[in-house]
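Visitor: The following file, run.cif, comprises mmCIF, C-alpha atoms, pLDDT in the B column; chains and numbers go by the auth columns:
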```cif
data_data
loop_
_atom_site.group_PDB
_atom_site.id
_atom_site.type_symbol
_atom_site.label_atom_id
_atom_site.label_comp_id
_atom_site.label_asym_id
_atom_site.label_seq_id
_atom_site.Cartn_x
_atom_site.Cartn_y
_atom_site.Cartn_z
_atom_site.B_iso_or_equiv
_atom_site.auth_seq_id
_atom_site.auth_asym_id
ATOM 1 C CA PHE A 1 0.155 -8.211 -21.002 89.00 1 A
ATOM 2 C CA TYR A 2 2.655 -5.586 -19.799 93.00 2 A
ATOM 3 C CA THR A 3 6.284 -4.531 -19.658 92.00 3 A
ATOM 4 C CA THR A 4 8.315 -3.460 -16.663 90.00 4 A
ATOM 5 C CA PRO A 5 11.907 -2.292 -16.476 88.00 5 A
ATOM 6 C CA ARG A 6 14.548 -4.943 -15.851 90.00 6 A
ATOM 7 C CA GLY A 7 14.468 -5.677 -12.122 90.00 7 A
ATOM 8 C CA GLY A 8 10.957 -4.244 -11.788 89.00 8 A
ATOM 9 C CA GLN A 9 8.164 -6.095 -10.057 91.00 9 A
ATOM 10 C CA SER A 10 4.808 -7.350 -11.195 92.00 10 A
ATOM 11 C CA CYS A 11 1.587 -6.194 -9.570 93.00 11 A
ATOM 12 C CA TYR A 12 1.864 -9.249 -7.287 92.00 12 A
ATOM 13 C CA GLY A 13 5.290 -8.205 -6.034 93.00 13 A
ATOM 14 C CA ASP A 14 4.230 -4.587 -5.586 95.00 14 A
ATOM 15 C CA GLN A 15 1.186 -5.660 -3.546 94.00 15 A
ATOM 16 C CA THR A 16 3.345 -7.866 -1.320 94.00 16 A
ATOM 17 C CA ALA A 17 6.005 -5.164 -0.872 95.00 17 A
ATOM 18 C CA THR A 18 3.341 -2.577 -0.014 96.00 18 A
ATOM 19 C CA LEU A 19 1.884 -4.756 2.742 95.00 19 A
ATOM 20 C CA LEU A 20 5.347 -5.672 4.013 95.00 20 A
ATOM 21 C CA GLN A 21 6.311 -1.975 4.255 96.00 21 A
ATOM 22 C CA SER A 22 3.158 -1.183 6.217 97.00 22 A
ATOM 23 C CA LEU A 23 3.636 -4.146 8.576 96.00 23 A
ATOM 24 C CA ALA A 24 7.313 -3.294 9.138 95.00 24 A
ATOM 25 C CA GLU A 25 6.563 0.332 9.963 97.00 25 A
ATOM 26 C CA LYS A 26 3.463 -0.242 12.084 96.00 26 A
ATOM 27 C CA GLY A 27 4.394 -3.601 13.662 93.00 27 A
ATOM 28 C CA ARG A 28 0.851 -4.817 13.100 92.00 28 A
ATOM 29 C CA LEU A 29 -1.847 -4.825 10.449 92.00 29 A
ATOM 30 C CA ASP A 30 -3.034 -1.233 10.295 95.00 30 A
ATOM 31 C CA VAL A 31 -5.782 -1.290 7.662 94.00 31 A
ATOM 32 C CA GLU A 32 -5.904 2.491 7.235 96.00 32 A
ATOM 33 C CA ASP A 33 -2.133 2.696 6.692 97.00 33 A
ATOM 34 C CA TYR A 34 -2.160 -0.248 4.297 96.00 34 A
ATOM 35 C CA VAL A 35 -5.066 1.188 2.283 96.00 35 A
ATOM 36 C CA GLY A 36 -3.262 4.523 1.997 97.00 36 A
ATOM 37 C CA ARG A 37 -0.103 2.818 0.798 97.00 37 A
ATOM 38 C CA LEU A 38 -2.038 0.752 -1.756 96.00 38 A
ATOM 39 C CA ARG A 39 -3.723 3.894 -3.054 97.00 39 A
ATOM 40 C CA GLU A 40 -0.337 5.573 -3.439 97.00 40 A
ATOM 41 C CA ALA A 41 1.342 2.529 -5.011 97.00 41 A
ATOM 42 C CA PHE A 42 -1.419 1.840 -7.558 97.00 42 A
ATOM 43 C CA GLY A 43 -3.397 5.088 -7.828 97.00 43 A
ATOM 44 C CA LYS A 44 -3.575 7.913 -10.322 96.00 44 A
ATOM 45 C CA ASP A 45 -0.069 9.228 -9.597 96.00 45 A
ATOM 46 C CA SER A 46 1.615 5.819 -9.754 96.00 46 A
ATOM 47 C CA ALA A 47 3.537 3.954 -12.433 94.00 47 A
ATOM 48 C CA TYR A 48 0.323 1.989 -13.014 96.00 48 A
ATOM 49 C CA GLU A 49 -1.438 5.040 -14.478 96.00 49 A
ATOM 50 C CA LEU A 50 -0.786 4.428 -18.175 95.00 50 A
ATOM 51 C CA ASP A 51 -1.949 6.233 -21.309 95.00 51 A
ATOM 52 C CA ALA A 52 -4.245 3.263 -21.948 96.00 52 A
ATOM 53 C CA VAL A 53 -6.300 4.048 -18.819 97.00 53 A
ATOM 54 C CA ASP A 54 -9.679 5.618 -19.539 97.00 54 A
ATOM 55 C CA PRO A 55 -10.166 8.733 -17.366 96.00 55 A
ATOM 56 C CA GLU A 56 -13.940 8.453 -17.823 96.00 56 A
ATOM 57 C CA ARG A 57 -14.005 4.834 -16.573 96.00 57 A
ATOM 58 C CA TRP A 58 -11.009 4.962 -14.225 97.00 58 A
ATOM 59 C CA PRO A 59 -9.227 2.697 -13.384 97.00 59 A
ATOM 60 C CA GLU A 60 -10.328 0.626 -16.392 96.00 60 A
ATOM 61 C CA LEU A 61 -8.519 0.662 -19.718 96.00 61 A
ATOM 62 C CA LYS A 62 -9.934 2.531 -22.696 97.00 62 A
ATOM 63 C CA GLU A 63 -12.216 0.447 -24.855 96.00 63 A
ATOM 64 C CA ASN A 64 -10.850 -0.298 -28.290 97.00 64 A
ATOM 65 C CA PRO A 65 -13.518 0.463 -30.932 97.00 65 A
ATOM 66 C CA LYS A 66 -15.020 -2.657 -32.510 97.00 66 A
ATOM 67 C CA ASP A 67 -16.848 -3.351 -35.735 97.00 67 A
ATOM 68 C CA ALA A 68 -20.232 -5.096 -36.073 97.00 68 A
ATOM 69 C CA GLU A 69 -18.519 -8.493 -35.773 97.00 69 A
ATOM 70 C CA GLY A 70 -16.815 -7.519 -32.510 97.00 70 A
ATOM 71 C CA LYS A 71 -13.333 -7.198 -34.004 97.00 71 A
ATOM 72 C CA VAL A 72 -11.109 -4.289 -32.988 97.00 72 A
ATOM 73 C CA ILE A 73 -10.915 -1.579 -35.628 97.00 73 A
ATOM 74 C CA GLU A 74 -7.130 -1.396 -35.954 97.00 74 A
ATOM 75 C CA ALA A 75 -7.078 2.136 -37.391 96.00 75 A
ATOM 76 C CA ARG A 76 -8.847 3.381 -34.228 96.00 76 A
ATOM 77 C CA ARG A 77 -7.145 1.125 -31.656 96.00 77 A
ATOM 78 C CA ALA A 78 -6.549 3.003 -28.378 95.00 78 A
ATOM 79 C CA TRP A 79 -3.988 0.550 -27.001 96.00 79 A
ATOM 80 C CA SER A 80 -2.449 -2.866 -27.622 95.00 80 A
ATOM 81 C CA LEU A 81 -0.598 -5.537 -25.677 94.00 81 A
ATOM 82 C CA PRO A 82 1.875 -5.603 -24.184 95.00 82 A
ATOM 83 C CA LEU A 83 1.171 -2.360 -22.363 94.00 83 A
ATOM 84 C CA LYS A 84 4.156 -0.072 -21.902 91.00 84 A
ATOM 85 C CA GLY A 85 4.251 -0.273 -18.134 93.00 85 A
ATOM 86 C CA PRO A 86 2.842 -2.364 -15.311 94.00 86 A
ATOM 87 C CA TRP A 87 -0.571 -4.054 -15.295 93.00 87 A
ATOM 88 C CA ARG A 88 -3.195 -3.315 -12.625 94.00 88 A
ATOM 89 C CA HIS A 89 -4.863 -6.581 -11.715 93.00 89 A
ATOM 90 C CA GLY A 90 -8.628 -6.865 -11.432 92.00 90 A
ATOM 91 C CA SER A 91 -8.512 -6.969 -7.642 93.00 91 A
ATOM 92 C CA VAL A 92 -6.480 -3.745 -7.526 95.00 92 A
ATOM 93 C CA LYS A 93 -8.838 -2.023 -9.975 96.00 93 A
ATOM 94 C CA GLY A 94 -11.815 -3.149 -7.889 95.00 94 A
ATOM 95 C CA PHE A 95 -10.167 -1.857 -4.712 95.00 95 A
ATOM 96 C CA LEU A 96 -9.377 1.521 -6.336 97.00 96 A
ATOM 97 C CA ARG A 97 -12.880 1.825 -7.787 96.00 97 A
ATOM 98 C CA ASN A 98 -14.411 1.123 -4.361 96.00 98 A
ATOM 99 C CA LEU A 99 -12.064 3.476 -2.491 97.00 99 A
ATOM 100 C CA VAL A 100 -11.587 6.387 -4.895 96.00 100 A
ATOM 101 C CA VAL A 101 -14.605 6.377 -7.203 96.00 101 A
ATOM 102 C CA GLU A 102 -17.272 5.116 -4.783 96.00 102 A
ATOM 103 C CA GLY A 103 -15.693 6.626 -1.654 96.00 103 A
ATOM 104 C CA ARG A 104 -15.899 3.514 0.509 95.00 104 A
ATOM 105 C CA PRO A 105 -13.856 3.717 3.720 95.00 105 A
ATOM 106 C CA ALA A 106 -10.781 1.643 4.580 92.00 106 A
ATOM 107 C CA GLY A 107 -11.886 -1.800 5.662 88.00 107 A
ATOM 108 C CA GLU A 108 -14.883 -1.701 3.311 91.00 108 A
ATOM 109 C CA CYS A 109 -13.147 -0.999 0.003 92.00 109 A
ATOM 110 C CA GLY A 110 -11.739 -4.431 -0.797 88.00 110 A
ATOM 111 C CA SER A 111 -12.474 -6.057 -4.122 89.00 111 A
ATOM 112 C CA SER A 112 -14.664 -9.119 -4.552 85.00 112 A
ATOM 113 C CA ASP A 113 -12.167 -10.444 -7.113 81.00 113 A
ATOM 114 C CA GLU A 114 -11.136 -14.004 -6.221 80.00 114 A
ATOM 115 C CA GLN A 115 -7.901 -14.305 -8.197 81.00 115 A
ATOM 116 C CA VAL A 116 -4.502 -15.178 -6.736 83.00 116 A
ATOM 117 C CA ASP A 117 -3.694 -11.628 -5.579 83.00 117 A
ATOM 118 C CA GLY A 118 -4.886 -12.470 -2.065 80.00 118 A
ATOM 119 C CA CYS A 119 -2.259 -15.195 -1.777 83.00 119 A
ATOM 120 C CA CYS A 120 0.630 -12.776 -2.292 83.00 120 A
ATOM 121 C CA LYS A 121 -0.515 -10.808 0.730 83.00 121 A
ATOM 122 C CA VAL A 122 -0.746 -13.747 3.136 84.00 122 A
ATOM 123 C CA ALA A 123 2.989 -14.464 3.531 88.00 123 A
ATOM 124 C CA PRO A 124 3.876 -11.137 5.214 91.00 124 A
ATOM 125 C CA LEU A 125 0.945 -11.536 7.623 88.00 125 A
ATOM 126 C CA VAL A 126 1.925 -15.098 8.486 89.00 126 A
ATOM 127 C CA ALA A 127 5.549 -14.033 9.006 90.00 127 A
ATOM 128 C CA LEU A 128 4.440 -11.318 11.423 90.00 128 A
ATOM 129 C CA LEU A 129 1.666 -13.181 13.241 89.00 129 A
ATOM 130 C CA ALA A 130 2.657 -16.872 13.144 89.00 130 A
ATOM 131 C CA GLY A 131 1.495 -18.473 16.394 90.00 131 A
ATOM 132 C CA ASP A 132 -0.578 -15.409 17.342 87.00 132 A
ATOM 133 C CA ALA A 133 -4.344 -15.681 17.828 90.00 133 A
ATOM 134 C CA GLN A 134 -4.714 -12.540 15.682 87.00 134 A
ATOM 135 C CA LEU A 135 -3.464 -14.306 12.534 87.00 135 A
ATOM 136 C CA LEU A 136 -6.808 -15.545 11.165 86.00 136 A
ATOM 137 C CA PRO A 137 -8.721 -12.311 11.949 86.00 137 A
ATOM 138 C CA ALA A 138 -5.932 -10.326 10.233 83.00 138 A
ATOM 139 C CA VAL A 139 -6.108 -12.536 7.127 78.00 139 A
ATOM 140 C CA ASP A 140 -9.894 -12.024 7.000 77.00 140 A
ATOM 141 C CA LYS A 141 -9.406 -8.234 7.003 74.00 141 A
#
```
Kindly return the structure encoded in the file as structure tokens.
Guide:
Amino acid sequence: FYTTPRGGQSCYGDQTATLLQSLAEKGRLDVEDYVGRLREAFGKDSAYELDAVDPERWPELKENPKDAEGKVIEARRAWSLPLKGPWRHGSVKGFLRNLVVEGRPAGECGSSDEQVDGCCKVAPLVALLAGDAQLLPAVDK
């Protein structure tokens, strides 16, 4: 789907690192700080903002034109795989759409996407809050 430089991370790794940085600096789950870091890491000024992104439908990719049978018209293709750069996962696009496009506040801008992205963010929380009564409420946030 995408290409990253040798030694670069996937969207999963970048999400985990972003949470870990916030937790390390704040010493707790600070939703506002974490949301700001996610916006910076994956937003319009990030490495994830590729030429294939449609500014009219941000953060979605441009739609490749299709013929009557639903096949991409190669002569008018806007982008192809693998993308030259990192891939924004559906959960990250949903989060950005809710936060930036719809203006939802921190704590209410999460995505309803149920893919594995949530799992990559649990380990840093467990490492910080293992044995603490605040673990499960923090995971729910």
Visitor: Just the residues within 8 Å of Leu29 (chain A), please, counting only C-alpha atoms, with nothing from its chain fewer than 5 positions along; format it as a list of chain:residue names.
Guide: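 Near neighbours after the sequence-gap exclusion: A:Ser22, A:Leu23, A:Tyr34, A:Leu125, A:Ala138.
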Visitor: Expanded to explicit residues, what is the PyMOL selection byres ((chain A and resi 31) around 8) for this file, as a PyMOL selection string?
Guide: chain A and resi 29-30+32-35+106-107+141
Visitor: Mind telling me what the PyMOL selection byres ((chain A and resi 3-8) around 8) catches here, as a PyMOL selection string?
Guide: chain A and resi 1-2+9-10+82-86
Visitor: With C-alpha atoms kept, could you save the residues just selected as a PDB file, in the frame of the given file?
Guide:
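Saved as result-v7.pdb:
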```pdb
ATOM      1  CA  PHE A   1       0.155  -8.211 -21.002  1.00 89.00           C
ATOM      2  CA  TYR A   2       2.655  -5.586 -19.799  1.00 93.00           C
ATOM      3  CA  GLN A   9       8.164  -6.095 -10.057  1.00 91.00           C
ATOM      4  CA  SER A  10       4.808  -7.350 -11.195  1.00 92.00           C
ATOM      5  CA  PRO A  82       1.875  -5.603 -24.184  1.00 95.00           C
ATOM      6  CA  LEU A  83       1.171  -2.360 -22.363  1.00 94.00           C
ATOM      7  CA  LYS A  84       4.156  -0.072 -21.902  1.00 91.00           C
ATOM      8  CA  GLY A  85       4.251  -0.273 -18.134  1.00 93.00           C
ATOM      9  CA  PRO A  86       2.842  -2.364 -15.311  1.00 94.00           C
TER      10      PRO A  86
END
```
Visitor: Separation of CA of Val126 (chain A) and CA of Leu38 (chain A), in Å?
Guide: 19.3 Å
Visitor: Report as number ranges by chain the residues that result from applying the PyMOL selection byres ((chain A and resi 88) around 10) to the structure here.
Guide: A: 2, 10-12, 42-43, 47-50, 59-61, 85-87, 89-94
Visitor: Of the candidates A:Ser112, A:Gln15, A:Ser80, A:Asn98, which shows the shortest atom-to-atom distance to Glu40 (chain A), using only C-alpha atoms?
Guide: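 Of A:Ser112, A:Gln15, A:Ser80, A:Asn98, the one nearest Glu40 (chain A), counting only C-alpha atoms, is A:Gln15.
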Visitor: Have a look at A:Arg39, A:Val116, A:Leu136, A:Ala130 and name the one nearest to Thr18 (chain A); count only C-alpha atoms.
Guide: A:Arg39
Visitor: Which residues come within 10 Å of Gly118 (chain A), counting all atoms listed in the file, excluding same-chain residues fewer than 3 positions away, as number ranges by chain?
Guide: A: 12, 15-16, 91, 113-115, 121-123, 139
Visitor: Please compute the CA of Leu20 (chain A)-CA of Val53 (chain A) distance, one decimal, in Å.
Guide: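 That distance, rounded to one decimal, is 27.4 Å.
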Visitor: Figure out the distance between CA of Ala41 (chain A) and CA of Leu128 (chain A), please, to one decimal in Å.
Guide: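 Spanning CA of Leu128 (chain A) to CA of Ala41 (chain A) is a straight-line distance of 21.7 Å.
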Visitor: Which of these, A:Asp140, A:Arg104, A:Glu63, A:Arg37, has the shortest distance to Glu25 (chain A) once you count all atoms listed in the file?
Guide: A:Arg37
